[in-house]
file structure-v3.txt (compact mmCIF, C-alpha atoms and all ligand atoms)
# COMPACT_ATOMS: atom_id res chain seq x y z
CA MET A 1 74.96 -140.20 -108.54
CA ASN A 2 71.18 -140.27 -108.12
CA ILE A 3 69.01 -141.96 -105.55
CA VAL A 4 65.71 -143.29 -106.85
CA ASN A 5 62.58 -144.66 -105.16
CA ALA A 6 63.25 -142.64 -102.03
CA ARG A 7 60.67 -141.95 -99.38
CA LEU A 8 61.11 -138.66 -97.51
CA ARG A 9 60.03 -137.95 -93.95
CA GLY A 10 56.73 -136.08 -93.77
CA LYS A 11 56.01 -136.40 -97.51
CA GLU A 12 53.75 -138.64 -99.58
CA GLY A 13 55.01 -140.66 -102.56
CA LEU A 14 58.42 -141.46 -103.94
CA PHE A 15 61.25 -139.11 -104.87
CA ARG A 16 64.38 -138.96 -106.99
CA ILE A 17 67.35 -137.19 -105.44
CA GLU A 18 70.03 -135.92 -107.80
CA LEU A 19 73.54 -135.38 -106.46
CA GLU A 20 76.08 -133.27 -108.31
CA GLY A 21 79.61 -133.32 -106.97
CA GLU A 22 79.46 -132.59 -103.24
CA ARG A 23 75.96 -131.05 -103.30
CA ILE A 24 72.34 -132.07 -103.62
CA ALA A 25 71.27 -130.76 -107.05
CA ALA A 26 67.54 -131.56 -107.08
CA ILE A 27 64.79 -133.46 -105.29
CA ALA A 28 61.80 -134.29 -107.50
CA PRO A 29 58.64 -136.37 -107.08
CA GLN A 30 58.80 -139.64 -108.97
CA PRO A 31 55.43 -140.58 -110.49
CA SER A 32 56.10 -144.34 -110.47
CA PRO A 33 58.74 -146.73 -109.15
CA ALA A 34 61.87 -146.42 -111.30
CA GLU A 35 64.38 -148.89 -112.67
CA THR A 36 67.90 -148.02 -111.56
CA THR A 37 70.42 -147.11 -114.21
CA VAL A 38 74.18 -147.45 -113.82
CA GLY A 39 75.48 -145.35 -110.95
CA ASP A 40 72.05 -144.89 -109.35
CA LEU A 41 71.20 -146.17 -105.90
CA ASP A 42 67.77 -147.72 -105.30
CA ALA A 43 66.22 -146.80 -101.96
CA ALA A 44 63.49 -149.39 -102.67
CA SER A 45 60.72 -147.23 -101.15
CA ASN A 46 62.63 -146.83 -97.90
CA LEU A 47 63.41 -143.58 -96.13
CA VAL A 48 66.24 -141.35 -97.26
CA THR A 49 67.26 -138.90 -94.55
CA ALA A 50 70.05 -136.54 -93.63
CA PRO A 51 72.79 -138.33 -91.63
CA PHE A 52 72.36 -139.39 -88.02
CA ILE A 53 74.08 -137.17 -85.47
CA GLU A 54 75.97 -138.01 -82.28
CA PRO A 55 75.67 -134.75 -80.31
CA HIS A 56 77.32 -135.87 -77.04
CA ILE A 57 80.09 -138.40 -76.71
CA HIS A 58 83.46 -138.61 -74.93
CA LEU A 59 85.88 -139.78 -77.63
CA ASP A 60 88.85 -139.24 -75.30
CA ALA A 61 87.63 -141.83 -72.78
CA THR A 62 86.15 -144.35 -75.20
CA LEU A 63 87.30 -148.01 -75.12
CA THR A 64 89.00 -147.75 -71.71
CA ALA A 65 86.57 -149.64 -69.45
CA GLY A 66 88.46 -151.73 -66.91
CA GLU A 67 91.78 -149.91 -67.46
CA PRO A 68 93.16 -150.06 -64.86
CA ALA A 69 89.98 -150.86 -62.88
CA TRP A 70 86.25 -151.31 -63.46
CA ASN A 71 83.59 -148.99 -62.08
CA MET A 72 82.10 -151.37 -59.50
CA SER A 73 79.43 -149.11 -57.99
CA GLY A 74 78.05 -147.90 -61.34
CA THR A 75 77.92 -144.30 -60.12
CA LEU A 76 78.97 -141.20 -62.02
CA PHE A 77 81.35 -140.33 -59.22
CA GLU A 78 83.21 -143.64 -59.29
CA GLY A 79 83.38 -143.22 -63.07
CA ILE A 80 85.14 -139.89 -62.62
CA GLU A 81 87.54 -141.50 -60.12
CA ARG A 82 88.33 -144.48 -62.39
CA TRP A 83 88.81 -142.12 -65.36
CA GLY A 84 91.25 -140.10 -63.23
CA GLU A 85 93.42 -143.23 -63.00
CA ARG A 86 93.22 -143.93 -66.73
CA LYS A 87 93.80 -140.27 -67.58
CA ALA A 88 97.22 -140.47 -65.95
CA LEU A 89 98.16 -143.08 -68.60
CA VAL A 90 96.81 -141.18 -71.63
CA THR A 91 99.21 -140.66 -74.53
CA HIS A 92 98.82 -138.83 -77.81
CA GLU A 93 98.83 -142.01 -79.89
CA ASP A 94 96.56 -143.95 -77.53
CA SER A 95 93.99 -141.11 -77.62
CA LYS A 96 94.06 -140.89 -81.40
CA ALA A 97 93.79 -144.65 -81.95
CA ARG A 98 90.80 -145.09 -79.63
CA ALA A 99 88.98 -142.05 -81.00
CA LYS A 100 89.45 -143.23 -84.59
CA LYS A 101 88.27 -146.74 -83.80
CA THR A 102 85.14 -145.28 -82.23
CA ILE A 103 84.54 -142.91 -85.13
CA ASP A 104 84.55 -145.95 -87.42
CA MET A 105 81.78 -147.46 -85.27
CA LEU A 106 79.76 -144.25 -85.56
CA VAL A 107 80.26 -144.10 -89.34
CA ASP A 108 79.12 -147.74 -89.63
CA HIS A 109 75.82 -146.62 -88.14
CA GLY A 110 75.21 -143.63 -90.40
CA ILE A 111 76.55 -140.87 -88.15
CA GLN A 112 78.33 -137.99 -89.92
CA HIS A 113 78.22 -135.21 -87.30
CA VAL A 114 79.76 -135.61 -83.85
CA ARG A 115 80.19 -133.35 -80.84
CA THR A 116 82.79 -134.79 -78.48
CA HIS A 117 83.67 -133.62 -75.01
CA VAL A 118 87.40 -133.83 -74.20
CA ASP A 119 88.62 -133.65 -70.60
CA VAL A 120 90.86 -130.60 -70.22
CA THR A 121 91.54 -131.02 -66.50
CA ASP A 122 94.97 -132.37 -67.41
CA PRO A 123 97.92 -129.98 -67.29
CA THR A 124 99.38 -131.57 -70.46
CA LEU A 125 96.15 -131.28 -72.49
CA ALA A 126 97.38 -134.41 -74.29
CA ALA A 127 93.91 -135.70 -75.20
CA LEU A 128 92.78 -132.32 -76.49
CA LYS A 129 95.83 -131.93 -78.72
CA ALA A 130 95.26 -135.45 -80.04
CA MET A 131 91.57 -134.76 -80.75
CA VAL A 132 92.37 -131.60 -82.73
CA GLU A 133 94.45 -133.81 -85.05
CA VAL A 134 91.73 -136.46 -85.22
CA ARG A 135 89.22 -133.74 -86.18
CA ASP A 136 91.39 -132.91 -89.21
CA GLU A 137 92.28 -136.46 -90.13
CA THR A 138 88.66 -137.69 -90.14
CA ARG A 139 87.02 -134.83 -92.08
CA HIS A 140 86.21 -137.25 -94.93
CA LEU A 141 84.12 -139.28 -92.44
CA ILE A 142 82.54 -136.84 -90.00
CA ASP A 143 82.22 -133.19 -89.02
CA MET A 144 83.50 -132.93 -85.46
CA GLN A 145 82.95 -130.30 -82.78
CA ILE A 146 85.31 -130.46 -79.80
CA VAL A 147 84.09 -129.34 -76.38
CA ALA A 148 86.64 -128.15 -73.81
CA PHE A 149 85.24 -130.22 -70.94
CA PRO A 150 86.57 -129.63 -67.40
CA GLN A 151 85.81 -133.08 -65.93
CA GLU A 152 87.22 -132.21 -62.49
CA GLY A 153 85.89 -128.66 -62.41
CA ILE A 154 86.83 -125.18 -63.54
CA GLU A 155 87.00 -123.65 -60.04
CA SER A 156 87.75 -126.80 -58.04
CA PHE A 157 90.65 -128.01 -60.19
CA GLU A 158 94.06 -126.36 -59.86
CA GLY A 159 94.54 -124.07 -62.87
CA GLY A 160 91.08 -124.95 -64.23
CA ARG A 161 90.33 -121.51 -65.69
CA HIS A 162 93.70 -121.33 -67.42
CA LEU A 163 93.29 -124.83 -68.91
CA MET A 164 89.89 -123.86 -70.35
CA GLU A 165 91.41 -120.78 -71.99
CA GLU A 166 94.33 -122.77 -73.33
CA ALA A 167 92.00 -125.43 -74.75
CA VAL A 168 90.12 -122.72 -76.62
CA ALA A 169 93.40 -121.28 -77.93
CA ILE A 170 94.44 -124.74 -79.16
CA GLY A 171 91.20 -125.16 -81.10
CA ALA A 172 88.15 -126.25 -79.06
CA ASP A 173 84.90 -125.29 -80.82
CA VAL A 174 82.63 -125.41 -77.78
CA VAL A 175 83.00 -124.35 -74.14
CA GLY A 176 81.92 -126.93 -71.52
CA GLY A 177 81.38 -127.06 -67.78
CA ILE A 178 80.37 -129.27 -64.87
CA PRO A 179 78.84 -126.99 -62.19
CA HIS A 180 77.26 -129.82 -60.12
CA PHE A 181 80.75 -131.30 -59.56
CA GLU A 182 82.38 -128.08 -58.32
CA ASN A 183 83.08 -128.12 -54.57
CA THR A 184 80.47 -125.55 -53.62
CA ARG A 185 77.28 -124.05 -54.98
CA GLU A 186 79.13 -120.72 -55.31
CA GLN A 187 81.88 -122.29 -57.39
CA GLY A 188 79.24 -123.93 -59.60
CA VAL A 189 77.65 -120.54 -60.23
CA SER A 190 80.94 -118.76 -60.84
CA SER A 191 82.07 -121.53 -63.21
CA ILE A 192 79.00 -120.79 -65.36
CA HIS A 193 79.74 -117.06 -65.41
CA PHE A 194 83.34 -117.82 -66.39
CA LEU A 195 82.48 -120.24 -69.19
CA MET A 196 79.73 -118.01 -70.62
CA ASP A 197 82.14 -115.05 -70.63
CA LEU A 198 84.76 -117.16 -72.41
CA ALA A 199 82.31 -118.40 -75.04
CA GLU A 200 80.86 -114.96 -75.65
CA ARG A 201 84.29 -113.35 -75.96
CA LYS A 202 85.52 -116.00 -78.42
CA GLY A 203 82.25 -116.46 -80.32
CA LEU A 204 82.01 -120.15 -79.39
CA LEU A 205 79.13 -122.49 -78.68
CA VAL A 206 78.40 -123.74 -75.12
CA ASP A 207 77.56 -127.27 -73.94
CA VAL A 208 77.52 -127.81 -70.18
CA HIS A 209 77.20 -131.09 -68.29
CA CYS A 210 74.49 -129.64 -66.06
CA ASP A 211 72.93 -131.17 -62.96
CA GLU A 212 73.94 -134.75 -63.85
CA THR A 213 72.76 -136.10 -60.50
CA ASP A 214 69.58 -137.23 -58.74
CA ASP A 215 70.05 -134.45 -56.19
CA PRO A 216 66.95 -132.23 -56.49
CA HIS A 217 68.91 -129.35 -54.98
CA SER A 218 71.31 -129.27 -57.91
CA ARG A 219 69.88 -126.21 -59.67
CA PHE A 220 72.54 -124.91 -62.01
CA LEU A 221 70.26 -125.16 -65.04
CA GLU A 222 68.46 -121.98 -63.97
CA VAL A 223 71.82 -120.18 -63.80
CA LEU A 224 72.89 -121.39 -67.25
CA ALA A 225 69.52 -120.56 -68.82
CA GLU A 226 69.43 -117.09 -67.29
CA GLN A 227 72.98 -116.37 -68.48
CA ALA A 228 72.01 -117.54 -71.98
CA ARG A 229 68.87 -115.38 -71.87
CA VAL A 230 70.47 -112.12 -70.77
CA ARG A 231 73.30 -112.53 -73.28
CA GLY A 232 70.94 -113.51 -76.13
CA MET A 233 72.95 -116.71 -76.66
CA GLY A 234 70.21 -119.32 -76.12
CA ALA A 235 70.31 -120.98 -79.54
CA ARG A 236 74.08 -121.45 -79.12
CA VAL A 237 73.85 -122.97 -75.63
CA THR A 238 73.12 -126.59 -74.68
CA ALA A 239 72.37 -128.13 -71.31
CA SER A 240 73.45 -131.79 -71.34
CA HIS A 241 71.98 -134.41 -69.00
CA THR A 242 69.97 -132.16 -66.57
CA THR A 243 69.00 -135.42 -64.86
CA ALA A 244 68.22 -133.62 -61.57
CA MET A 245 65.12 -132.34 -63.38
CA GLY A 246 63.74 -135.87 -63.01
CA SER A 247 63.86 -135.27 -59.24
CA TYR A 248 62.64 -131.64 -59.10
CA ASP A 249 59.11 -131.23 -57.81
CA ASN A 250 56.48 -129.96 -60.22
CA ALA A 251 56.10 -126.59 -58.50
CA TYR A 252 59.75 -125.71 -59.09
CA CYS A 253 59.71 -127.19 -62.58
CA SER A 254 56.73 -125.15 -63.67
CA LYS A 255 58.58 -121.96 -62.74
CA LEU A 256 61.80 -123.26 -64.32
CA PHE A 257 60.13 -124.09 -67.65
CA ARG A 258 59.09 -120.45 -68.11
CA LEU A 259 62.74 -119.40 -67.91
CA LEU A 260 63.92 -122.31 -70.09
CA LYS A 261 61.48 -121.34 -72.83
CA MET A 262 62.49 -117.67 -72.66
CA SER A 263 66.17 -118.63 -72.83
CA GLY A 264 65.84 -120.71 -76.03
CA ILE A 265 68.59 -123.14 -74.98
CA ASN A 266 68.89 -126.71 -76.31
CA PHE A 267 68.87 -129.98 -74.35
CA ILE A 268 70.63 -133.32 -74.73
CA SER A 269 69.58 -136.47 -72.92
CA CYS A 270 71.74 -139.61 -72.83
CA PRO A 271 69.06 -142.13 -71.86
CA THR A 272 71.06 -145.37 -71.67
CA GLU A 273 73.88 -143.66 -69.77
CA SER A 274 71.55 -141.98 -67.30
CA ILE A 275 69.38 -145.03 -66.61
CA HIS A 276 72.67 -146.81 -65.81
CA LEU A 277 74.45 -144.13 -63.73
CA GLN A 278 71.53 -142.52 -61.90
CA GLY A 279 69.13 -143.99 -59.36
CA ARG A 280 72.21 -145.50 -57.69
CA PHE A 281 71.53 -144.05 -54.25
CA ASP A 282 67.90 -145.25 -54.23
CA THR A 283 66.50 -148.51 -52.98
CA TYR A 284 62.80 -148.68 -53.95
CA PRO A 285 60.95 -146.90 -55.37
CA LYS A 286 63.90 -146.24 -57.70
CA ARG A 287 64.15 -143.15 -59.87
CA ARG A 288 64.73 -143.38 -63.61
CA GLY A 289 67.29 -140.57 -63.33
CA LEU A 290 66.52 -138.84 -66.61
CA THR A 291 65.57 -135.30 -67.46
CA ARG A 292 61.97 -134.52 -68.49
CA VAL A 293 62.43 -135.35 -72.17
CA ALA A 294 58.78 -135.59 -73.23
CA GLU A 295 57.81 -132.49 -71.27
CA ILE A 296 60.66 -130.42 -72.75
CA ASP A 297 59.68 -131.59 -76.23
CA ARG A 298 55.97 -130.92 -75.67
CA ALA A 299 56.73 -127.44 -74.37
CA GLY A 300 58.19 -126.69 -77.80
CA MET A 301 61.82 -126.71 -76.70
CA ASN A 302 64.61 -128.47 -78.57
CA ILE A 303 65.88 -131.80 -77.21
CA CYS A 304 67.86 -134.65 -78.76
CA PHE A 305 69.37 -138.00 -77.73
CA ALA A 306 73.04 -139.02 -77.46
CA GLN A 307 75.18 -142.05 -76.57
CA ASP A 308 77.63 -140.30 -74.18
CA SER A 309 79.92 -143.31 -73.71
CA ILE A 310 81.18 -146.38 -75.49
CA VAL A 311 82.99 -148.89 -73.23
CA ASP A 312 84.43 -146.40 -70.74
CA PRO A 313 84.48 -145.96 -66.93
CA TRP A 314 80.89 -144.69 -67.00
CA TYR A 315 79.25 -147.24 -69.30
CA PRO A 316 80.54 -150.69 -70.26
CA LEU A 317 78.49 -151.25 -73.44
CA GLY A 318 77.79 -149.36 -76.67
CA ASN A 319 78.60 -149.96 -80.33
CA GLY A 320 77.98 -146.65 -82.07
CA ASN A 321 74.36 -147.44 -82.96
CA ILE A 322 72.31 -144.34 -82.17
CA MET A 323 69.08 -146.17 -83.16
CA ARG A 324 69.61 -148.28 -80.05
CA ILE A 325 69.72 -145.11 -77.95
CA LEU A 326 66.57 -143.82 -79.62
CA GLU A 327 64.68 -147.03 -78.96
CA ALA A 328 65.79 -147.21 -75.32
CA GLY A 329 65.14 -143.50 -74.80
CA LEU A 330 61.60 -143.63 -76.15
CA HIS A 331 60.85 -146.50 -73.76
CA ILE A 332 62.46 -144.92 -70.71
CA CYS A 333 60.84 -141.52 -71.33
CA HIS A 334 57.27 -142.82 -71.88
CA MET A 335 57.42 -141.75 -75.52
CA LEU A 336 55.88 -144.69 -77.35
CA GLY A 337 52.69 -142.77 -78.10
CA TYR A 338 51.44 -142.52 -81.69
CA GLU A 339 52.69 -138.96 -82.26
CA ASP A 340 56.12 -139.67 -80.78
CA LEU A 341 56.59 -142.72 -83.02
CA GLN A 342 55.64 -140.75 -86.15
CA ARG A 343 58.53 -138.34 -85.62
CA GLY A 344 60.95 -140.33 -83.46
CA LEU A 345 63.90 -139.78 -85.80
CA ASP A 346 63.78 -136.04 -85.03
CA LEU A 347 65.58 -136.92 -81.78
CA ILE A 348 68.67 -138.18 -83.62
CA THR A 349 68.54 -135.96 -86.74
CA ASP A 350 66.89 -132.53 -87.04
CA ASN A 351 66.77 -131.71 -83.30
CA SER A 352 70.43 -132.66 -82.96
CA ALA A 353 71.36 -130.53 -85.98
CA ARG A 354 69.70 -127.55 -84.33
CA THR A 355 71.59 -128.24 -81.09
CA LEU A 356 74.88 -128.34 -82.98
CA ASN A 357 73.98 -125.17 -84.93
CA LEU A 358 74.61 -126.98 -88.23
CA GLY A 359 72.37 -124.56 -90.13
CA GLU A 360 72.49 -125.02 -93.91
CA GLY A 361 75.27 -127.56 -93.56
CA TYR A 362 72.58 -130.14 -92.80
CA GLY A 363 69.32 -131.33 -94.34
CA LEU A 364 67.88 -132.70 -97.56
CA GLU A 365 67.56 -129.53 -99.65
CA PRO A 366 68.95 -128.65 -103.06
CA GLY A 367 72.22 -126.76 -102.64
CA ARG A 368 73.11 -128.41 -99.33
CA PRO A 369 75.92 -130.97 -98.89
CA ALA A 370 75.22 -134.35 -100.48
CA ASN A 371 75.30 -136.08 -97.10
CA LEU A 372 72.49 -138.60 -96.64
CA LEU A 373 71.41 -142.05 -95.56
CA ILE A 374 69.33 -144.77 -97.14
CA LEU A 375 67.51 -146.46 -94.24
CA SER A 376 66.07 -149.96 -93.95
CA ALA A 377 62.42 -148.99 -93.40
CA PRO A 378 59.83 -146.64 -94.94
CA SER A 379 58.89 -144.56 -91.87
CA ASP A 380 60.08 -143.40 -88.46
CA TYR A 381 57.66 -145.80 -86.80
CA GLU A 382 58.89 -148.81 -88.81
CA MET A 383 62.55 -147.84 -88.29
CA ILE A 384 61.98 -147.96 -84.53
CA ARG A 385 59.77 -151.05 -84.49
CA THR A 386 62.03 -153.17 -86.71
CA GLN A 387 65.25 -151.97 -85.05
CA GLY A 388 66.20 -150.53 -88.42
CA TYR A 389 69.59 -149.26 -89.53
CA ALA A 390 71.36 -147.24 -92.19
CA LEU A 391 71.83 -149.36 -95.33
CA ALA A 392 74.03 -146.77 -97.00
CA SER A 393 75.76 -143.58 -95.93
CA ILE A 394 76.72 -141.02 -98.57
CA ARG A 395 79.00 -138.10 -97.78
CA LYS A 396 79.89 -135.28 -100.17
CA GLY A 397 78.32 -137.34 -102.95
CA ARG A 398 80.39 -140.48 -102.30
CA LEU A 399 79.47 -143.76 -100.65
CA LEU A 400 81.01 -144.05 -97.17
CA MET A 401 79.38 -147.25 -96.06
CA GLN A 402 76.97 -149.91 -97.34
CA ARG A 403 75.44 -152.56 -95.13
CA THR A 404 74.23 -155.99 -96.21
CA PRO A 405 71.28 -157.02 -94.05
CA ALA A 406 71.29 -160.43 -92.37
CA ARG A 407 69.20 -162.97 -94.28
CA VAL A 408 66.78 -165.26 -92.47
CA GLU A 409 65.53 -168.46 -94.09
CA ARG A 410 62.54 -170.23 -92.66
CA CYS A 411 63.08 -173.96 -92.75
N1 LIG B 1 81.84 -137.48 -67.47
C1 LIG B 1 80.76 -137.03 -66.81
O1 LIG B 1 80.87 -136.11 -65.97
N2 LIG B 1 79.54 -137.55 -67.09
C2 LIG B 1 79.41 -138.51 -67.99
N3 LIG B 1 78.19 -139.01 -68.25
C3 LIG B 1 80.56 -139.02 -68.68
C4 LIG B 1 81.76 -138.46 -68.40
C5 LIG B 1 80.43 -140.11 -69.69
FE FE2 B 2 78.85 -136.63 -71.00

call {"tool": "encode", "arguments": {"input": "structure-v3.txt", "output": "structure tokens"}}
result
Amino acid sequence: MNIVNARLRGKEGLFRIELEGERIAAIAPQPSPAETTVGDLDAASNLVTAPFIEPHIHLDATLTAGEPAWNMSGTLFEGIERWGERKALVTHEDSKARAKKTIDMLVDHGIQHVRTHVDVTDPTLAALKAMVEVRDETRHLIDMQIVAFPQEGIESFEGGRHLMEEAVAIGADVVGGIPHFENTREQGVSSIHFLMDLAERKGLLVDVHCDETDDPHSRFLEVLAEQARVRGMGARVTASHTTAMGSYDNAYCSKLFRLLKMSGINFISCPTESIHLQGRFDTYPKRRGLTRVAEIDRAGMNICFAQDSIVDPWYPLGNGNIMRILEAGLHICHMLGYEDLQRGLDLITDNSARTLNLGEGYGLEPGRPANLLILSAPSDYEMIRTQGYALASIRKGRLLMQRTPARVERC
């Protein structure tokens, strides 16, 4: 299969992309618009990109909002409480069915790489065992990384350390954490030492829910970054949320940024989730409750956007469309400047690939997997402005999804 009349990000003119089997064989400039021949796909001068990425979602909790009760306060903490009630009802089949339904939503929106957190503060590890099967059974649709995520704490939950180790033995790819939820500051710090030791010993990646609160005294990011720095693991470590950074004062942040840059860790912001869950203890003025996305990006550090939730105790909406998250995130983070709009898709493609350590498994280059999207607009700016979408998703050289745009007739 070949794709003709493709526009590529950051390049002038049109291109022809040749796919051979499961790989990209060649990418060549195309001097003039081409007719399609049988088996070719016409990008019609629109962007062709590597697939969209969902770097932070909870596929174990998805599609459970209101079961058995709704989160009435809209806080993170009530979400954790409501999830605790639903978690008691989790079964193997229920977990698999909801995760697969959600993966279909992601695939419909051009996502082919997913990192999912799975709550392992459950002595049965039912959801984790289910997700390991889902990871295998959906390989034709997505590449999945599973994070062993201790929702109720590593130190504060009975047997927490043991459950983390067991989750890794069963097949988790990434070690998680939640230091701001541990009972004490000391437990938060020791949980980070424990999880970094575990990841280093097993050669795994790290992705910690870190300082997901408006409390400016929640300062576990410095501990995580310093641990990553001294162990030389920065590129393999991610700090998710870090919303407390939106409440740190500038004096502390300027010191913190020096360490963050030295550490080389990655960041994930979930803008729709955080604007919904945070700011809940404020009246007015009311905080946005997000990390410093633009500042992290401008300091040359790696940051990407994620959905976090789809219809769960923390967030009642969501449909798998990461372009919606990008558009909301750029608004919320004051990132509608000219430069930001030129390269907005970085936040859901290349930056996310770096966070997930996808390496040569990702990107439009000859020799790499024939995984790509035909988009509905010719540039990042136009994709964002027109609320664009993936028109086609190709994986390992085969069409996964094609979308027919709605037609409007002026009368
Ligand atoms: N758990 C958590 O601690 N934080 C979140 N944002 C979600 C689950 C969705
Ligand atoms: Fe999360």

call {"tool": "residues_around", "arguments": {"input": "structure-v3.txt", "residues": "Ser45 of chain A", "least_positions_apart": "3", "cutoff": "10 Å", "atoms": "only C-alpha atoms", "output": "MDAnalysis selection string"}}
result
chainID A and resid 4:8 13:15 33 42 48 374:379

call {"tool": "residues_near_ligand", "arguments": {"input": "structure-v3.txt", "ligand": "ligand FE2 2 (chain B)", "cutoff": "12 Å", "atoms": "only C-alpha atoms and all ligand atoms", "output": "PyMOL selection string"}}
result
chain A and resi 54-62+76+79-80+115-119+147-151+176-178+207-212+239-243+268-274+277+305-310+312-315

call {"tool": "closest_residue", "arguments": {"input": "structure-v3.txt", "among": "A:Leu19, A:Leu198, A:Ala65, A:Cys253", "to": "ligand LIG 1 (chain B)", "atoms": "all atoms listed in the file"}}
result
A:Ala65

call {"tool": "closest_residue", "arguments": {"input": "structure-v3.txt", "among": "A:Arg368, A:Lys286, A:Arg403, A:Arg292", "to": "Arg23 of chain A", "atoms": "only C-alpha atoms"}}
result
A:Arg368

call {"tool": "closest_residue", "arguments": {"input": "structure-v3.txt", "among": "A:Leu195, A:Met131, A:Ile142, A:Val206", "to": "Ile170 of chain A", "atoms": "all atoms listed in the file"}}
result
A:Met131

call {"tool": "closest_residue", "arguments": {"input": "structure-v3.txt", "among": "A:Leu63, A:Leu221, A:Met72, A:Ile394", "to": "ligand LIG 1 (chain B)", "atoms": "only C-alpha atoms and all ligand atoms"}}
result
A:Leu63

call {"tool": "atom_distance", "arguments": {"input": "structure-v3.txt", "atom1": "atom CA of Thr404 of chain A", "atom2": "atom CA of Ala392 of chain A"}}
result
9.3 Å

call {"tool": "residues_around", "arguments": {"input": "structure-v3.txt", "residues": "Met105 of chain A", "least_positions_apart": "4", "cutoff": "10 Å", "atoms": "only C-alpha atoms", "output": "list of chain:residue names"}}
result
A:Ala99, A:Lys100, A:Lys101, A:His109, A:Gly110, A:Ile111, A:Ile310, A:Gly318, A:Asn319, A:Gly320, A:Asn321

call {"tool": "decode", "arguments": {"input": "structure-v3.txt", "residues": "segment 357-362 of chain A", "atoms": "all heavy atoms", "output": "JSON list (two decimals), in the first residue's frame"}}
result
[["chain", "number", "residue", "atom", "x", "y", "z"],
["A", 357, "ASN", "N", 9.11, 6.02, 25.90],
["A", 357, "ASN", "CA", 10.34, 5.35, 25.47],
["A", 357, "ASN", "C", 10.09, 4.44, 24.26],
["A", 357, "ASN", "O", 10.59, 3.31, 24.21],
["A", 357, "ASN", "CB", 10.95, 4.53, 26.63],
["A", 357, "ASN", "CG", 11.73, 5.37, 27.62],
["A", 357, "ASN", "OD1", 12.93, 5.24, 27.78],
["A", 357, "ASN", "ND2", 11.05, 6.29, 28.30],
["A", 358, "LEU", "N", 9.32, 4.94, 23.27],
["A", 358, "LEU", "CA", 8.99, 4.08, 22.13],
["A", 358, "LEU", "C", 10.16, 3.93, 21.17],
["A", 358, "LEU", "O", 10.19, 3.00, 20.36],
["A", 358, "LEU", "CB", 7.76, 4.62, 21.39],
["A", 358, "LEU", "CG", 6.47, 4.64, 22.21],
["A", 358, "LEU", "CD1", 5.30, 5.14, 21.36],
["A", 358, "LEU", "CD2", 6.14, 3.28, 22.80],
["A", 359, "GLY", "N", 11.10, 4.85, 21.20],
["A", 359, "GLY", "CA", 12.32, 4.73, 20.40],
["A", 359, "GLY", "C", 12.01, 4.56, 18.92],
["A", 359, "GLY", "O", 11.18, 5.28, 18.35],
["A", 360, "GLU", "N", 12.65, 3.58, 18.29],
["A", 360, "GLU", "CA", 12.48, 3.38, 16.84],
["A", 360, "GLU", "C", 11.20, 2.62, 16.51],
["A", 360, "GLU", "O", 10.94, 2.33, 15.34],
["A", 360, "GLU", "CB", 13.71, 2.69, 16.26],
["A", 360, "GLU", "CG", 14.93, 3.59, 16.42],
["A", 360, "GLU", "CD", 16.16, 3.12, 15.65],
["A", 360, "GLU", "OE1", 16.13, 2.00, 15.11],
["A", 360, "GLU", "OE2", 17.12, 3.89, 15.62],
["A", 361, "GLY", "N", 10.41, 2.33, 17.52],
["A", 361, "GLY", "CA", 9.10, 1.72, 17.28],
["A", 361, "GLY", "C", 8.06, 2.75, 16.88],
["A", 361, "GLY", "O", 6.89, 2.41, 16.69],
["A", 362, "TYR", "N", 8.49, 4.00, 16.76],
["A", 362, "TYR", "CA", 7.54, 5.10, 16.49],
["A", 362, "TYR", "C", 8.15, 6.11, 15.54],
["A", 362, "TYR", "O", 9.34, 6.43, 15.64],
["A", 362, "TYR", "CB", 7.18, 5.79, 17.80],
["A", 362, "TYR", "CG", 6.09, 6.84, 17.67],
["A", 362, "TYR", "CD1", 4.75, 6.49, 17.74],
["A", 362, "TYR", "CD2", 6.42, 8.18, 17.46],
["A", 362, "TYR", "CE1", 3.75, 7.45, 17.62],
["A", 362, "TYR", "CE2", 5.42, 9.15, 17.34],
["A", 362, "TYR", "CZ", 4.09, 8.78, 17.43],
["A", 362, "TYR", "OH", 3.11, 9.71, 17.31]]
